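Here's data.txt, which has compact mmCIF, C-alpha atoms and all ligand atoms:
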# COMPACT_ATOMS: atom_id res chain seq x y z
CA MET A 265 -10.66 5.30 10.31
CA ARG A 266 -8.50 8.34 9.92
CA PHE A 267 -5.28 8.96 7.97
CA ASP A 268 -3.02 11.93 8.68
CA VAL A 269 -0.33 12.46 6.06
CA LEU A 270 2.74 14.55 6.86
CA THR A 271 4.54 15.90 3.79
CA ILE A 272 6.35 18.92 2.45
CA PHE A 273 4.30 18.56 -0.79
CA PRO A 274 0.66 18.52 0.33
CA THR A 275 -0.73 19.24 -3.16
CA PHE A 276 0.84 15.98 -4.37
CA PHE A 277 -2.22 14.24 -2.91
CA ASP A 278 -4.93 16.33 -4.62
CA GLY A 279 -5.51 14.00 -7.56
CA PHE A 280 -5.35 10.91 -5.40
CA LEU A 281 -8.06 12.19 -3.07
CA ALA A 282 -10.29 13.40 -5.91
CA HIS A 283 -10.86 10.07 -7.70
CA GLY A 284 -12.25 6.58 -7.48
CA ILE A 285 -12.64 4.48 -4.39
CA VAL A 286 -10.77 6.92 -2.16
CA ARG A 287 -13.02 9.79 -3.10
CA ARG A 288 -16.14 7.69 -2.63
CA ALA A 289 -14.99 6.34 0.75
CA ARG A 290 -14.32 9.89 1.96
CA GLU A 291 -17.67 11.17 0.70
CA ARG A 292 -19.43 8.36 2.54
CA ARG A 293 -17.44 9.12 5.69
CA GLN A 294 -15.95 5.62 5.67
CA VAL A 295 -12.48 7.14 5.95
CA ASP A 296 -11.12 10.54 6.76
CA VAL A 297 -7.86 11.70 5.13
CA ALA A 298 -6.11 14.88 6.26
CA VAL A 299 -2.93 16.02 4.49
CA HIS A 300 -0.65 18.29 6.53
CA ASP A 301 2.25 20.50 5.49
CA LEU A 302 5.24 19.62 7.66
CA ARG A 303 6.32 23.26 7.48
CA ASP A 304 3.32 24.19 9.64
CA TRP A 305 5.28 22.77 12.57
CA THR A 306 8.41 24.89 12.03
CA TYR A 307 8.88 28.04 14.11
CA ASP A 308 11.59 29.85 12.11
CA ARG A 309 11.00 32.52 9.51
CA HIS A 310 12.14 30.34 6.61
CA ARG A 311 10.09 27.31 7.73
CA ILE A 312 13.14 25.05 7.46
CA VAL A 313 12.51 21.30 7.64
CA ASP A 314 15.95 19.94 6.72
CA ASP A 315 19.61 20.22 7.65
CA ARG A 316 23.03 18.79 6.74
CA PRO A 317 23.86 15.25 7.89
CA TYR A 318 26.28 14.80 10.81
CA GLY A 319 29.45 13.11 9.61
CA GLY A 320 29.24 14.78 6.20
CA GLU A 321 27.78 13.49 2.91
CA ASP A 322 25.79 15.03 0.12
CA GLY A 323 22.16 15.89 0.53
CA MET A 324 19.92 17.05 3.31
CA VAL A 325 18.17 15.23 6.12
CA LEU A 326 14.68 15.96 7.47
CA LYS A 327 15.01 17.42 10.98
CA PRO A 328 13.31 15.65 13.88
CA GLU A 329 11.62 18.62 15.60
CA PRO A 330 8.83 19.47 13.11
CA ILE A 331 8.02 15.77 12.68
CA PHE A 332 7.83 15.06 16.44
CA ARG A 333 5.72 18.18 17.03
CA ALA A 334 3.34 17.37 14.19
CA VAL A 335 2.82 13.74 15.18
CA GLU A 336 2.30 14.65 18.83
CA ALA A 337 -0.22 17.33 17.92
CA LEU A 338 -2.11 15.03 15.53
CA THR A 339 -2.30 11.99 17.81
CA HIS A 340 -2.77 13.41 21.28
CA HIS A 341 -6.29 12.11 21.75
CA GLN A 342 -5.85 8.72 20.14
CA PRO A 343 -4.99 5.74 22.37
CA ASN A 344 -3.10 3.59 19.82
CA PRO A 345 -2.21 5.41 16.63
CA SER A 346 -0.14 3.64 13.96
CA ILE A 347 2.72 5.97 13.12
CA VAL A 348 4.29 4.89 9.86
CA LEU A 349 7.54 6.25 8.47
CA LEU A 350 7.89 5.62 4.72
CA THR A 351 11.47 5.03 3.58
CA PRO A 352 13.31 2.53 1.36
CA GLN A 353 14.88 1.15 4.58
CA GLY A 354 11.53 0.03 5.99
CA ARG A 355 10.06 -3.43 6.31
CA ARG A 356 8.34 -4.43 3.09
CA PHE A 357 4.69 -3.37 2.87
CA ASP A 358 2.45 -6.26 1.83
CA GLN A 359 -1.20 -7.33 1.98
CA ALA A 360 -0.79 -8.60 5.56
CA ALA A 361 0.50 -5.19 6.63
CA ALA A 362 -2.42 -3.57 4.80
CA TYR A 363 -4.86 -5.75 6.79
CA ARG A 364 -3.15 -4.91 10.03
CA LEU A 365 -3.27 -1.17 9.36
CA SER A 366 -6.92 -1.42 8.25
CA GLN A 367 -7.77 -2.39 11.87
CA SER A 368 -6.24 0.82 13.20
CA SER A 369 -8.44 3.80 14.06
CA GLN A 370 -5.70 6.31 13.15
CA VAL A 371 -2.73 5.94 10.81
CA VAL A 372 -0.16 8.74 10.52
CA LEU A 373 1.97 8.51 7.36
CA ILE A 374 5.27 10.38 7.48
CA CYS A 375 6.70 10.96 4.00
CA GLY A 376 10.49 10.93 3.91
CA ARG A 377 12.42 13.24 1.56
CA TYR A 378 15.89 14.22 0.51
CA GLU A 379 18.66 11.91 1.62
CA GLY A 380 16.73 10.70 4.60
CA VAL A 381 14.98 11.37 7.88
CA ASP A 382 16.74 11.85 11.22
CA GLU A 383 16.88 8.30 12.60
CA ARG A 384 15.32 9.33 15.93
CA VAL A 385 12.00 9.53 14.09
CA ALA A 386 12.24 5.83 13.20
CA GLN A 387 13.53 4.88 16.64
CA TYR A 388 11.47 6.93 19.06
CA LEU A 389 8.39 8.21 17.25
CA ALA A 390 7.26 5.85 14.49
CA THR A 391 5.59 2.57 15.42
CA GLU A 392 6.90 1.11 12.17
CA GLU A 393 9.05 1.94 9.15
CA LEU A 394 7.68 0.68 5.82
CA SER A 395 8.99 0.42 2.27
CA ILE A 396 6.65 -0.31 -0.64
CA GLY A 397 9.32 -2.17 -2.61
CA ASP A 398 12.97 -2.57 -3.48
CA TYR A 399 13.46 0.65 -5.41
CA VAL A 400 14.20 4.20 -4.35
CA LEU A 401 11.58 6.90 -4.88
CA SER A 402 12.46 10.57 -4.54
CA GLY A 403 10.10 10.83 -1.59
CA GLY A 404 7.60 8.91 0.49
CA GLU A 405 4.54 10.57 -1.09
CA PRO A 406 3.81 7.93 -3.76
CA ALA A 407 4.39 5.28 -1.09
CA ALA A 408 1.86 6.94 1.24
CA MET A 409 -0.72 6.83 -1.57
CA VAL A 410 0.02 3.16 -2.19
CA VAL A 411 -0.46 2.35 1.50
CA MET A 412 -3.69 4.36 1.78
CA ASP A 413 -5.16 2.81 -1.36
CA ALA A 414 -4.37 -0.74 -0.27
CA VAL A 415 -5.75 -0.13 3.25
CA ILE A 416 -8.88 1.85 2.36
CA ARG A 417 -10.19 -0.80 -0.01
CA LEU A 418 -10.04 -3.35 2.83
CA ARG A 419 -12.32 -1.34 5.09
CA PRO A 420 -15.84 -2.71 5.51
CA ASP A 421 -18.32 -1.52 2.85
CA VAL A 422 -15.73 0.38 0.77
CA LEU A 423 -15.72 -2.13 -2.11
CA GLY A 424 -18.97 -2.97 -3.85
CA SER A 425 -19.31 -6.56 -2.66
CA PRO A 426 -18.29 -7.76 0.81
CA THR A 427 -16.37 -10.71 -0.68
CA SER A 428 -14.52 -8.64 -3.31
CA ALA A 429 -11.32 -8.28 -1.31
CA GLN A 430 -11.30 -11.86 -0.05
CA HIS A 431 -10.63 -13.64 -3.34
CA GLU A 432 -7.77 -11.46 -4.43
CA SER A 433 -4.14 -12.25 -5.01
CA PHE A 434 -2.01 -12.25 -1.85
CA GLN A 435 -5.12 -13.02 0.17
CA THR A 436 -5.35 -16.41 -1.53
CA GLY A 437 -1.56 -16.83 -1.63
CA ARG A 438 -1.40 -16.90 -5.40
CA LEU A 439 -1.89 -14.52 -8.29
CA ASP A 440 -5.34 -13.91 -9.76
CA TYR A 441 -6.47 -16.00 -12.72
CA PRO A 442 -6.46 -14.26 -16.13
CA VAL A 443 -9.72 -12.73 -17.34
CA TYR A 444 -11.13 -12.09 -20.82
CA THR A 445 -14.05 -10.18 -22.29
CA ARG A 446 -15.56 -9.88 -25.76
CA PRO A 447 -14.75 -10.36 -28.59
CA ALA A 448 -14.18 -14.15 -28.34
CA ARG A 449 -11.55 -13.83 -31.08
CA TYR A 450 -9.38 -10.75 -31.47
CA ARG A 451 -6.64 -10.43 -34.10
CA GLY A 452 -6.70 -14.17 -34.38
CA HIS A 453 -6.26 -14.73 -30.64
CA ALA A 454 -9.06 -16.78 -29.13
CA VAL A 455 -10.40 -16.69 -25.58
CA PRO A 456 -9.70 -20.12 -23.98
CA ALA A 457 -12.50 -22.49 -25.00
CA GLU A 458 -13.12 -23.65 -21.40
CA LEU A 459 -14.42 -20.18 -20.51
CA LEU A 460 -17.04 -20.27 -23.27
CA THR A 461 -18.59 -23.62 -22.31
CA GLY A 462 -20.97 -22.28 -19.65
CA ASN A 463 -19.87 -25.24 -17.51
CA HIS A 464 -19.13 -23.78 -14.08
CA ALA A 465 -16.93 -26.66 -12.88
CA GLU A 466 -14.86 -26.54 -16.05
CA VAL A 467 -14.44 -22.77 -15.76
CA GLU A 468 -13.34 -23.10 -12.12
CA LEU A 469 -10.78 -25.77 -12.98
CA TRP A 470 -9.38 -23.70 -15.86
CA ARG A 471 -9.08 -20.64 -13.62
CA ARG A 472 -7.31 -22.57 -10.92
CA ARG A 473 -4.81 -24.06 -13.34
CA ALA A 474 -4.21 -20.73 -15.10
CA ALA A 475 -3.67 -18.94 -11.76
CA LEU A 476 -1.20 -21.60 -10.65
CA ARG A 477 0.74 -21.43 -13.90
CA LYS A 478 0.92 -17.65 -13.79
CA THR A 479 2.08 -17.75 -10.17
CA LEU A 480 4.73 -20.38 -10.95
CA CYS A 481 5.99 -18.28 -13.84
CA HIS A 482 5.91 -14.77 -12.33
CA ARG A 483 6.07 -15.36 -8.58
CA PRO A 484 7.43 -18.81 -7.71
CA ASP A 485 8.25 -17.46 -4.24
CA LEU A 486 4.51 -17.47 -3.45
CA LEU A 487 4.38 -21.23 -4.01
CA ALA A 488 7.58 -22.03 -2.15
CA ASP A 489 5.63 -23.26 0.87
CA PRO A 490 4.43 -26.75 -0.23
CA THR A 491 1.63 -26.78 2.38
CA ARG A 492 -0.11 -24.14 0.26
CA LEU A 493 -0.54 -26.66 -2.58
CA ASP A 494 -3.18 -29.37 -2.27
CA ASP A 495 -3.57 -32.53 -4.37
CA THR A 496 -5.73 -30.80 -6.99
CA ASP A 497 -3.08 -28.08 -7.40
CA ARG A 498 -0.36 -30.68 -7.84
CA ARG A 499 -2.45 -32.53 -10.41
CA LEU A 500 -3.16 -29.32 -12.32
CA LEU A 501 0.52 -28.48 -12.46
CA THR A 502 1.55 -31.79 -14.02
N1 LIG B 601 10.75 6.61 -0.07
C1 LIG B 601 11.64 6.45 -1.06
N2 LIG B 601 11.59 5.22 -1.57
C2 LIG B 601 10.61 4.54 -0.88
C3 LIG B 601 10.09 3.24 -0.93
N3 LIG B 601 10.56 2.32 -1.80
N4 LIG B 601 9.11 2.90 -0.07
C4 LIG B 601 8.66 3.81 0.82
N5 LIG B 601 9.10 5.07 0.91
C5 LIG B 601 10.07 5.43 0.08
Is it possible to give me this structure as structure tokens?
Amino acid sequence: MRFDVLTIFPTFFDGFLAHGIVRRARERRQVDVAVHDLRDWTYDRHRIVDDRPYGGEDGMVLKPEPIFRAVEALTHHQPNPSIVLLTPQGRRFDQAAAYRLSQSSQVVLICGRYEGVDERVAQYLATEELSIGDYVLSGGEPAAMVVMDAVIRLRPDVLGSPTSAQHESFQTGRLDYPVYTRPARYRGHAVPAELLTGNHAEVELWRRRAALRKTLCHRPDLLADPTRLDDTDRRLLT
């Protein structure tokens, strides 16, 4: 799979590409990531990518021409590229969207900037507009890294074990159970006794209850659909 990132701050991505799973996946040729400077698709002497908004207002808007040219140049031999515009106005990015994008052979990520991006990019060029959450970043670059990270780790063979991604939060519809490591007592705080028994069934039951409680407390919205709770869950919650 290939990612093409369009940004006016290409060096923003240096650290991201140089570490961890993303670095390893690139070294093993499991993914290809190319970061492009949007200014390379301007034709004027000052390499201008923005302009004032029609109708007045503060701030500048990214012009459509460099973005259309860049995306067309980068996708012209791909049958079905995913062209993603990152803005706070997008549909919310979630694990399901990450799975969907992980099936794509090419994903172009357009990083928004300034006060916005000419709406014709969202309407006539992008295949989708995504937001990573209900807060406003100063640009789409951190959002592009979030999307790439979440997608890359879902690709076959990128994580150590093939089942690693399957048991995670949002795949299972609830938050992960809490984990502990040594020491068994730290500053007077003990690791739950059930985890020290060596009894697999008891450990599993504790984990399930703890995950449910955490989900109920932090993310009750995830449990709002009662069909996602079975009889054991209901018993554990009472
Ligand atoms: N650009 C600015 N804020 C953003 C957000 N929340 N998600 C995606 N792109 C953004």
Q.
At a cut-off of 12 Å around the point (-2.6, 21.9, 9.4) (file coordinates), what residues fall inside when counting only C-alpha atoms? I'd like the answer as a VMD selection string.
A. chain A and resid 268 to 272 274 298 to 306 333 to 335 337 to 338
Q. With all atoms listed in the file as the atoms that count, which of A:Leu418, A:Ala362, A:Leu389, A:Leu349 lies nearest to A:Glu329?
A. A:Leu389
Q. Quick one: residues within 10 Å of ligand LIG 601 (chain B), with all atoms listed in the file, as a ChimeraX atom specification?
A. /A:349-357,374-380,393-408,410-411
Q) Could you tell me, as a ChimeraX atom specification, which residues have any atom at most 12 Å from (0.7, -20.2, -7.8), counting all atoms listed in the file? A) /A:433-434,436-441,471-490,492-494,497-498,500-501
Q: Quote the spacing between atom CA of A:Gly424 and atom CA of A:Val286 in Å to one decimal place.
A: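 Atom CA of A:Val286 lies 13.0 Å from atom CA of A:Gly424.
Residues with any atom within 9 Å of A:Pro456, counting only C-alpha atoms and excluding same-chain neighbours fewer than 4 positions away, are Tyr444, Ala448, Leu460 and Trp470 of chain A.
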